[in-house]
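Everything on this sheet refers to the single structure shown next.
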Amino acid sequence: MTKAIARDNGTDRRLVLLVGLVVFAAAIAVLLSFRSVLLSGLTTPRDLARAAAVTFLVAVGATVNVRIRIRATNHGVSWTEVASVVGLAVAPVPWVIIATGLGVGIARAIPRLPAIKLAFGVAKDTMLAAVGGAVLIVAGWSWPWTGPITRSLPALALAYLVVVVLDELLTLPVIALATGTRLVHLFREHVDLRVASMVARFVVILSTLLILRSNPSFLIVVPPLILSLHLAYSSRVRNRAEREAWQRLARTTDALNVVDLDQVLTTAVTQATELFSADEVDIELREEGRVVRGAGGVITLRGPAGTPSAIDGSVLTTRLEGHDQTADIGVLRLRFAGPVELSEREQYTLRTFASALCTAVRNAQAYAELARIADEHAYAATHDALTGLSNRRHLLDEGTEQLTNRHADGVTALVLIDLNHFKEVNDTLGHGAGDRVLTQVADRLRGAARPDDLVARLGGDEFAVLLRGLPAPAIAAHRAEALLAALHEPLDLDGMRISVEASGGIAVAPASGGMPELLRRADVAMYQAKRAGQRIATYAPTRDTADLGRLTLGGELPRAVADHEFTVNFQPIVDLGSGEVIGAEALARWHHPTHGMIDPLRFLEAVERSGLLPAFAEAILDQALIAAGSWRDAGFDLPVSVNVSPRSLLDARFPGAVLARLRAHDLPPDRLVLELTETLTLSQLDVVDRVLSRLRDSGVRLALDDFGTGYSSLSLLSRIPVHELKIDRSFVTAMESTAEAAAVIRSTLDLGRSLDLTVVAEGVESEPQRRALWELGCAAGQGHLFARPLPSGTLLAALQRGAGGRPGALAAPLHDAGAVIRLPGRRTGGGRNRTATPAP
């Protein structure tokens, strides 16, 4: 068996050394053969004829071969050893050695093979002939046979076996070095076919010698026999190669069915090297601008597109496109060290592989995009869009996992941080500025936190930091101080220096209740800090009774609404000059069967959060309108004031519900005053403007409660169409001791006169306050000086009884009749927000 090797100018030194040794050994054998011919007188015409016949037979055997491509090198499996062994059996060994070298040289020179390939082919077959001849001589072979064939057969078989084994030992290492293929792989490849071919060739040799022994004229049947065996062997090799190629293609396409793009490219590069027997394979993706390159089943490059290759040879390029040829995503390149032309089957395999690779890449890219979108959604679901911090959901999940599975990691605590007066930033500088403040606060908290801490924004201006792995509970206070200290320095906002104050609550993880209870305790501690005027407070169970009570009451709200436990008391609004009642404010109370009368401060917030607000507000409004109707029937036509929850103003159906209740109780709209709290909601939402405009247009009167305590009072007046301003009780209480409070009251009264608005003072507790307000020009007021909140019937009895013999009056006048000219304008309502009831 002969195999030819082609190499470029960069041939491996080991390959050159091995080929050189074979050439040297063959040259020695040829020289010794010439010497033996001359010394033994083997120059007769018969000897020369035999030598010529052997030369011809060897040349024919070397020409007829099976070609196999390994990378850029074509290897031929020929019948040269058959001709050599037959020649050794019938002709002098020296002449066979010379004829083998000459015949192989003639056959190999015709296609103009590279020098190293030609030299190795001639030298190897010459050396095989010399070794085979030596074995026959040592075994005592002679021609023609003089005895039974069984006596000569072992020598012939031994010579042939030595030639075949030596052929493998010389050829396979050279192919491995020339192609960079593993020697074990070459030895195992088609080993069954090689063994079968070896047996068939020996049968041909034996048959040829038997024909020559019995009748040389039968030698004519030997060439057809050799050709038939050659064609059969070639067909089996070709079928085996094609079957294995399809199997490798099927395995490769199956291996591409993964969703990771890097794994797809790695598999494609490493498998294509073997599939197409290429020296190097690279895949370039056009959109990503990168290339993955490999050789010998190993990735050698992951880099930008256009990176040059070290292999300078032929390149076969195939576009990566689907069967519909619509998606051209890149190219697949097969590189070979020398010129290569793929067979028709290999070309079809290449197109099929490229199409499968295109599909795999597109699937992996689609999966990566879906995974990216899923990650974005998962991130958005657990993080705050403005600051990038974790949100409440993520905080609860992480905290729950920490409390459930990591008890041995140390103490877990939560710091809840709330910015003080943040509404001022929004109202004065706008919400864009407020967002930038929140972003800077988030950055500072993130920078002050430890790597193991989780910083979250719970909503609005409320932040939380989950402290994990603390060595002791006392450390939580020091860490909280550091977090709040990070907010001490003023913030830079469009060139302005803005100071941010914050309150913090600290809670250590409880033994039970989990993360929700930890968050609740931190919230309790934070509000304790706010109420005490402190920067930080640590949760104390002894101070949590009010919060626990409010939580308990919240669970009883549905029953209280259903059982009509909510009642309404009324505080009269009085003309400060005459002492006559000009209105009343409705104040909700909860008559609890166990706890008695409960103040609104303890249940109004729970009502708003419970979802019971519409039913609760409707019940309060009904009671207020019923009271106003009873007073009118008794001869006291007084308007009633009811507070409105900001949540009610977000409902576009609210005006219709209010007007329906007025019609049901047969009261004109101007007998109802809705008191509004100055809130962020009122100043921002267009729906609120529409709701209030419809109420005013329908005749319902509007009042702005606690005027002067917020940061946007004047801006609200320009948007909300109110009829009345109510001065907060804090200014009335302080007017006798501070000039600033008196100035606020005076400016509010001036503003009311200029806008033709009624002004009512809350919290009038003494006659000096009443007189001072009246002298400043305030026409109306309410407070304990005149009456505390009373049930409807009690207030009616007081009106009927009157003061100083005057029904409808609750205080003596400040002047004699006719001594004062009453200011124009009719009082229509009043009230206090903090103890007032939300309307529907």
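If you're wondering about the labels, chains in the structure tokens are A, B, ... by order shown, residues count from 1 in each chain, ligands from 1 in order shown.
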Range 558-573 of chain A surroundings by only C-alpha atoms, 7 Å radius, close-in-sequence under 6 positions cut, as a short mmCIF file (atom, residue, chain, number, x, y, z; two decimals) with N, CA, C and O atoms, in the first residue's frame:
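Generated output (around23.cif):
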```
data_model
loop_
_atom_site.label_atom_id
_atom_site.label_comp_id
_atom_site.auth_asym_id
_atom_site.auth_seq_id
_atom_site.Cartn_x
_atom_site.Cartn_y
_atom_site.Cartn_z
N VAL A 581 -74.80 81.54 64.99
CA VAL A 581 -74.31 80.38 64.25
C VAL A 581 -74.64 80.55 62.77
O VAL A 581 -75.81 80.81 62.42
N ILE A 582 -73.63 80.39 61.93
CA ILE A 582 -73.82 80.56 60.48
C ILE A 582 -73.51 79.28 59.71
O ILE A 582 -73.55 79.25 58.48
N GLY A 583 -73.16 78.20 60.41
CA GLY A 583 -72.86 76.93 59.74
C GLY A 583 -72.36 75.92 60.75
O GLY A 583 -72.25 76.21 61.95
N ALA A 584 -72.08 74.72 60.27
CA ALA A 584 -71.57 73.67 61.15
C ALA A 584 -70.69 72.73 60.33
O ALA A 584 -70.97 72.47 59.15
N GLU A 585 -69.66 72.21 60.98
CA GLU A 585 -68.76 71.25 60.32
C GLU A 585 -69.03 69.86 60.86
O GLU A 585 -69.11 69.64 62.08
N ALA A 586 -69.18 68.89 59.93
CA ALA A 586 -69.44 67.50 60.30
C ALA A 586 -68.13 66.81 60.63
O ALA A 586 -67.18 66.84 59.85
N LEU A 587 -68.09 66.16 61.80
CA LEU A 587 -66.88 65.47 62.28
C LEU A 587 -67.24 64.02 62.60
O LEU A 587 -68.15 63.77 63.42
N ALA A 588 -66.58 63.07 61.94
CA ALA A 588 -66.92 61.65 62.10
C ALA A 588 -66.38 61.11 63.41
O ALA A 588 -65.31 61.49 63.88
N ARG A 589 -67.13 60.17 64.01
CA ARG A 589 -66.71 59.46 65.20
C ARG A 589 -67.07 57.98 65.02
O ARG A 589 -68.02 57.63 64.33
N TRP A 590 -66.27 57.12 65.68
CA TRP A 590 -66.55 55.69 65.63
C TRP A 590 -66.96 55.26 67.03
O TRP A 590 -66.17 55.28 67.96
N HIS A 591 -68.21 54.85 67.13
CA HIS A 591 -68.72 54.37 68.42
C HIS A 591 -68.49 52.85 68.48
O HIS A 591 -69.35 52.06 68.11
N HIS A 592 -67.29 52.47 68.98
CA HIS A 592 -66.88 51.07 69.01
C HIS A 592 -67.59 50.38 70.18
O HIS A 592 -67.64 50.93 71.30
N PHE A 616 -68.11 54.32 53.46
CA PHE A 616 -67.94 55.12 54.66
C PHE A 616 -68.33 56.58 54.41
O PHE A 616 -69.08 57.20 55.18
N ILE A 620 -71.36 59.06 56.04
CA ILE A 620 -71.11 60.32 56.74
C ILE A 620 -71.86 61.46 56.06
O ILE A 620 -72.48 62.33 56.71
N GLN A 623 -75.58 61.38 56.87
CA GLN A 623 -75.89 61.88 58.20
C GLN A 623 -75.78 63.40 58.27
O GLN A 623 -76.58 64.08 58.94
N ALA A 780 -65.72 85.13 60.73
CA ALA A 780 -66.26 83.87 61.25
C ALA A 780 -65.17 83.05 61.90
O ALA A 780 -63.97 83.18 61.59
N GLY A 781 -65.60 82.20 62.84
CA GLY A 781 -64.66 81.34 63.51
C GLY A 781 -65.35 80.16 64.16
O GLY A 781 -66.58 80.14 64.31
N GLN A 782 -64.58 79.17 64.56
CA GLN A 782 -65.12 78.01 65.25
C GLN A 782 -64.11 77.55 66.29
O GLN A 782 -62.90 77.77 66.13
N ALA A 787 -68.50 76.06 71.17
CA ALA A 787 -69.06 74.74 71.47
C ALA A 787 -68.08 73.67 71.00
O ALA A 787 -67.38 73.85 69.98
N ARG A 788 -68.07 72.57 71.72
CA ARG A 788 -67.34 71.39 71.24
C ARG A 788 -68.21 70.67 70.21
O ARG A 788 -69.41 70.96 70.10
N PRO A 789 -67.66 69.70 69.49
CA PRO A 789 -68.50 68.93 68.55
C PRO A 789 -69.66 68.26 69.27
O PRO A 789 -69.46 67.59 70.30
N LEU A 790 -70.89 68.43 68.72
CA LEU A 790 -72.10 67.96 69.38
C LEU A 790 -72.91 67.08 68.43
O LEU A 790 -72.87 67.27 67.21
N PRO A 791 -73.69 66.14 68.97
CA PRO A 791 -74.63 65.43 68.11
C PRO A 791 -75.63 66.40 67.49
O PRO A 791 -75.85 67.50 67.99
N SER A 792 -76.25 65.98 66.40
CA SER A 792 -77.16 66.86 65.64
C SER A 792 -78.29 67.40 66.52
O SER A 792 -78.60 68.60 66.50
N GLY A 830 -67.75 75.71 57.16
CA GLY A 830 -66.42 75.69 57.75
C GLY A 830 -66.11 74.35 58.31
O GLY A 830 -66.91 73.47 58.36
#
```
Run DSSP on the backbone and grab whatever in range 357-542 of chain A lands in alpha helix (DSSP H); send it over as a PyMOL selection string. chain A and resi 357-382+392-405+422-429+431-448+475-485+514-532
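Neighbours of range 98-100 of chain A closer than or equal to 9 Å, with only C-alpha atoms counted and sequence neighbours fewer than 4 positions away skipped, come out as Ala29, Val30, Ser33, Phe34, Ala51, Ala52, Ala53, Val54, Thr55, Phe56, Leu57, Val58, Ala59, Thr80, Ala83, Ser84, Gly87, Val93, Pro94, Val104, Gly105, Val122, Asp125, Thr126 and Ala129 of chain A.
Taking only C-alpha atoms into account, Leu334 in chain A lies nearest to A:Gly294 out of the set A:Pro807, A:Pro304, A:Gly294, A:Pro173.
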Which residues, written as a PyMOL selection string, have at least one atom at most 12 Å from Val700 in chain A, with only C-alpha atoms counted and residues fewer than 4 positions away on the same chain left out? chain A and resi 639-642+655-656+658-659+662+667-675+691-696+721-724+828-829
Taking only range 567-762 of chain A into account, list the residues labelled strand (DSSP E or B) by DSSP (computed from the backbone), as a short mmCIF file (atom, residue, chain, number, x, y, z; two decimals) with N, CA, C and O atoms, in the first residue's frame.
```cif
data_model
loop_
_atom_site.label_atom_id
_atom_site.label_comp_id
_atom_site.auth_asym_id
_atom_site.auth_seq_id
_atom_site.Cartn_x
_atom_site.Cartn_y
_atom_site.Cartn_z
N THR A 567 -70.69 57.55 63.49
CA THR A 567 -71.65 58.63 63.72
C THR A 567 -71.00 59.96 63.39
O THR A 567 -69.79 60.02 63.12
N VAL A 568 -71.80 61.02 63.42
CA VAL A 568 -71.30 62.35 63.07
C VAL A 568 -71.68 63.33 64.19
O VAL A 568 -72.84 63.39 64.63
N ASN A 569 -70.68 64.08 64.66
CA ASN A 569 -70.91 65.23 65.54
C ASN A 569 -70.69 66.51 64.74
O ASN A 569 -70.05 66.48 63.67
N PHE A 570 -71.19 67.61 65.23
CA PHE A 570 -71.13 68.86 64.48
C PHE A 570 -70.58 69.97 65.37
O PHE A 570 -71.04 70.14 66.51
N GLN A 571 -69.60 70.70 64.83
CA GLN A 571 -69.07 71.86 65.53
C GLN A 571 -69.57 73.12 64.84
O GLN A 571 -69.36 73.30 63.64
N PRO A 572 -70.25 73.99 65.58
CA PRO A 572 -70.83 75.18 64.94
C PRO A 572 -69.77 76.17 64.49
O PRO A 572 -68.70 76.28 65.10
N ILE A 573 -70.07 76.90 63.43
CA ILE A 573 -69.26 78.00 62.93
C ILE A 573 -70.05 79.29 63.20
O ILE A 573 -71.22 79.40 62.82
N VAL A 574 -69.38 80.24 63.86
CA VAL A 574 -70.08 81.39 64.46
C VAL A 574 -69.61 82.69 63.83
O VAL A 574 -68.42 82.84 63.49
N ASP A 575 -70.58 83.63 63.69
CA ASP A 575 -70.22 84.99 63.32
C ASP A 575 -69.54 85.62 64.53
O ASP A 575 -70.12 85.75 65.60
N GLU A 580 -73.80 84.70 66.36
CA GLU A 580 -74.80 83.85 65.76
C GLU A 580 -74.15 82.71 64.98
O GLU A 580 -73.10 82.88 64.36
N VAL A 581 -74.80 81.54 64.99
CA VAL A 581 -74.31 80.38 64.25
C VAL A 581 -74.64 80.55 62.77
O VAL A 581 -75.81 80.81 62.42
N ILE A 582 -73.63 80.39 61.93
CA ILE A 582 -73.82 80.56 60.48
C ILE A 582 -73.51 79.28 59.71
O ILE A 582 -73.55 79.25 58.48
N GLY A 583 -73.16 78.20 60.41
CA GLY A 583 -72.86 76.93 59.74
C GLY A 583 -72.36 75.92 60.75
O GLY A 583 -72.25 76.21 61.95
N ALA A 584 -72.08 74.72 60.27
CA ALA A 584 -71.57 73.67 61.15
C ALA A 584 -70.69 72.73 60.33
O ALA A 584 -70.97 72.47 59.15
N GLU A 585 -69.66 72.21 60.98
CA GLU A 585 -68.76 71.25 60.32
C GLU A 585 -69.03 69.86 60.86
O GLU A 585 -69.11 69.64 62.08
N ALA A 586 -69.18 68.89 59.93
CA ALA A 586 -69.44 67.50 60.30
C ALA A 586 -68.13 66.81 60.63
O ALA A 586 -67.18 66.84 59.85
N LEU A 587 -68.09 66.16 61.80
CA LEU A 587 -66.88 65.47 62.28
C LEU A 587 -67.24 64.02 62.60
O LEU A 587 -68.15 63.77 63.42
N ALA A 588 -66.58 63.07 61.94
CA ALA A 588 -66.92 61.65 62.10
C ALA A 588 -66.38 61.11 63.41
O ALA A 588 -65.31 61.49 63.88
N ARG A 589 -67.13 60.17 64.01
CA ARG A 589 -66.71 59.46 65.20
C ARG A 589 -67.07 57.98 65.02
O ARG A 589 -68.02 57.63 64.33
N TRP A 590 -66.27 57.12 65.68
CA TRP A 590 -66.55 55.69 65.63
C TRP A 590 -66.96 55.26 67.03
O TRP A 590 -66.17 55.28 67.96
N HIS A 591 -68.21 54.85 67.13
CA HIS A 591 -68.72 54.37 68.42
C HIS A 591 -68.49 52.85 68.48
O HIS A 591 -69.35 52.06 68.11
N HIS A 592 -67.29 52.47 68.98
CA HIS A 592 -66.88 51.07 69.01
C HIS A 592 -67.59 50.38 70.18
O HIS A 592 -67.64 50.93 71.30
N GLY A 596 -65.40 52.05 72.94
CA GLY A 596 -66.10 53.32 73.10
C GLY A 596 -65.89 54.23 71.91
O GLY A 596 -65.70 53.79 70.78
N MET A 597 -65.92 55.57 72.15
CA MET A 597 -65.78 56.55 71.08
C MET A 597 -64.32 56.64 70.64
O MET A 597 -63.43 56.89 71.46
N ILE A 598 -64.07 56.44 69.35
CA ILE A 598 -62.70 56.44 68.80
C ILE A 598 -62.53 57.67 67.93
O ILE A 598 -63.37 57.97 67.06
N VAL A 640 -73.84 72.86 55.87
CA VAL A 640 -73.02 71.89 56.59
C VAL A 640 -71.74 71.63 55.80
O VAL A 640 -71.77 71.52 54.57
N SER A 641 -70.63 71.58 56.51
CA SER A 641 -69.32 71.36 55.88
C SER A 641 -68.87 69.92 56.10
O SER A 641 -68.95 69.40 57.21
N VAL A 642 -68.40 69.29 55.03
CA VAL A 642 -67.91 67.91 55.09
C VAL A 642 -66.55 67.86 54.39
O VAL A 642 -66.40 68.39 53.28
N ASN A 643 -65.57 67.23 55.06
CA ASN A 643 -64.25 67.12 54.44
C ASN A 643 -64.23 66.06 53.33
O ASN A 643 -64.95 65.07 53.41
N LEU A 672 -74.24 72.75 50.98
CA LEU A 672 -73.14 71.81 51.25
C LEU A 672 -71.81 72.49 50.94
O LEU A 672 -71.65 73.08 49.86
N VAL A 673 -70.89 72.44 51.89
CA VAL A 673 -69.53 72.95 51.70
C VAL A 673 -68.58 71.76 51.80
O VAL A 673 -68.57 71.05 52.81
N LEU A 674 -67.80 71.55 50.74
CA LEU A 674 -66.80 70.47 50.74
C LEU A 674 -65.43 71.09 51.06
O LEU A 674 -64.96 71.97 50.32
N GLU A 675 -64.84 70.65 52.15
CA GLU A 675 -63.54 71.17 52.56
C GLU A 675 -62.42 70.32 51.96
O GLU A 675 -62.42 69.09 52.09
N LEU A 676 -61.46 70.99 51.33
CA LEU A 676 -60.37 70.34 50.62
C LEU A 676 -59.06 70.52 51.39
O LEU A 676 -58.77 71.61 51.89
N THR A 677 -58.28 69.43 51.45
CA THR A 677 -56.97 69.51 52.08
C THR A 677 -55.93 69.86 51.03
O THR A 677 -55.94 69.33 49.92
N ARG A 701 -70.38 74.48 47.30
CA ARG A 701 -69.35 75.44 47.68
C ARG A 701 -68.12 74.68 48.16
O ARG A 701 -68.20 73.59 48.73
N LEU A 702 -66.95 75.29 47.92
CA LEU A 702 -65.66 74.65 48.22
C LEU A 702 -64.88 75.52 49.19
O LEU A 702 -64.87 76.75 49.09
N ALA A 703 -64.18 74.85 50.12
CA ALA A 703 -63.34 75.56 51.09
C ALA A 703 -61.96 74.92 51.10
O ALA A 703 -61.82 73.70 50.94
N LEU A 704 -60.93 75.74 51.28
CA LEU A 704 -59.54 75.25 51.37
C LEU A 704 -59.13 75.27 52.83
O LEU A 704 -59.02 76.33 53.45
N ASP A 705 -58.94 74.07 53.40
CA ASP A 705 -58.69 73.92 54.83
C ASP A 705 -57.20 74.12 55.14
O ASP A 705 -56.34 73.95 54.29
N ASP A 706 -56.93 74.48 56.39
CA ASP A 706 -55.55 74.64 56.89
C ASP A 706 -54.72 75.56 56.01
O ASP A 706 -53.53 75.31 55.77
N PHE A 707 -55.33 76.63 55.54
CA PHE A 707 -54.63 77.53 54.62
C PHE A 707 -53.42 78.16 55.31
O PHE A 707 -53.49 78.60 56.45
N GLU A 724 -63.97 79.70 50.01
CA GLU A 724 -63.69 79.98 51.42
C GLU A 724 -62.27 79.53 51.77
O GLU A 724 -61.77 78.52 51.24
N LEU A 725 -61.63 80.29 52.68
CA LEU A 725 -60.33 79.93 53.24
C LEU A 725 -60.50 79.71 54.74
O LEU A 725 -61.21 80.46 55.41
N LYS A 726 -59.81 78.68 55.26
CA LYS A 726 -59.87 78.41 56.70
C LYS A 726 -58.46 78.55 57.27
O LYS A 726 -57.53 77.86 56.83
N ILE A 727 -58.34 79.46 58.25
CA ILE A 727 -57.04 79.70 58.88
C ILE A 727 -56.78 78.58 59.88
O ILE A 727 -57.61 78.28 60.74
N THR A 758 -64.77 84.09 51.72
CA THR A 758 -65.03 84.05 53.15
C THR A 758 -63.82 83.45 53.86
O THR A 758 -63.25 82.48 53.39
N VAL A 759 -63.46 84.01 55.01
CA VAL A 759 -62.34 83.51 55.78
C VAL A 759 -62.85 83.08 57.15
O VAL A 759 -63.53 83.85 57.84
N VAL A 760 -62.55 81.85 57.55
CA VAL A 760 -62.98 81.29 58.83
C VAL A 760 -61.75 80.92 59.63
O VAL A 760 -60.83 80.26 59.12
N ALA A 761 -61.70 81.32 60.90
CA ALA A 761 -60.58 80.99 61.79
C ALA A 761 -60.94 79.76 62.61
O ALA A 761 -62.02 79.68 63.22
#
```
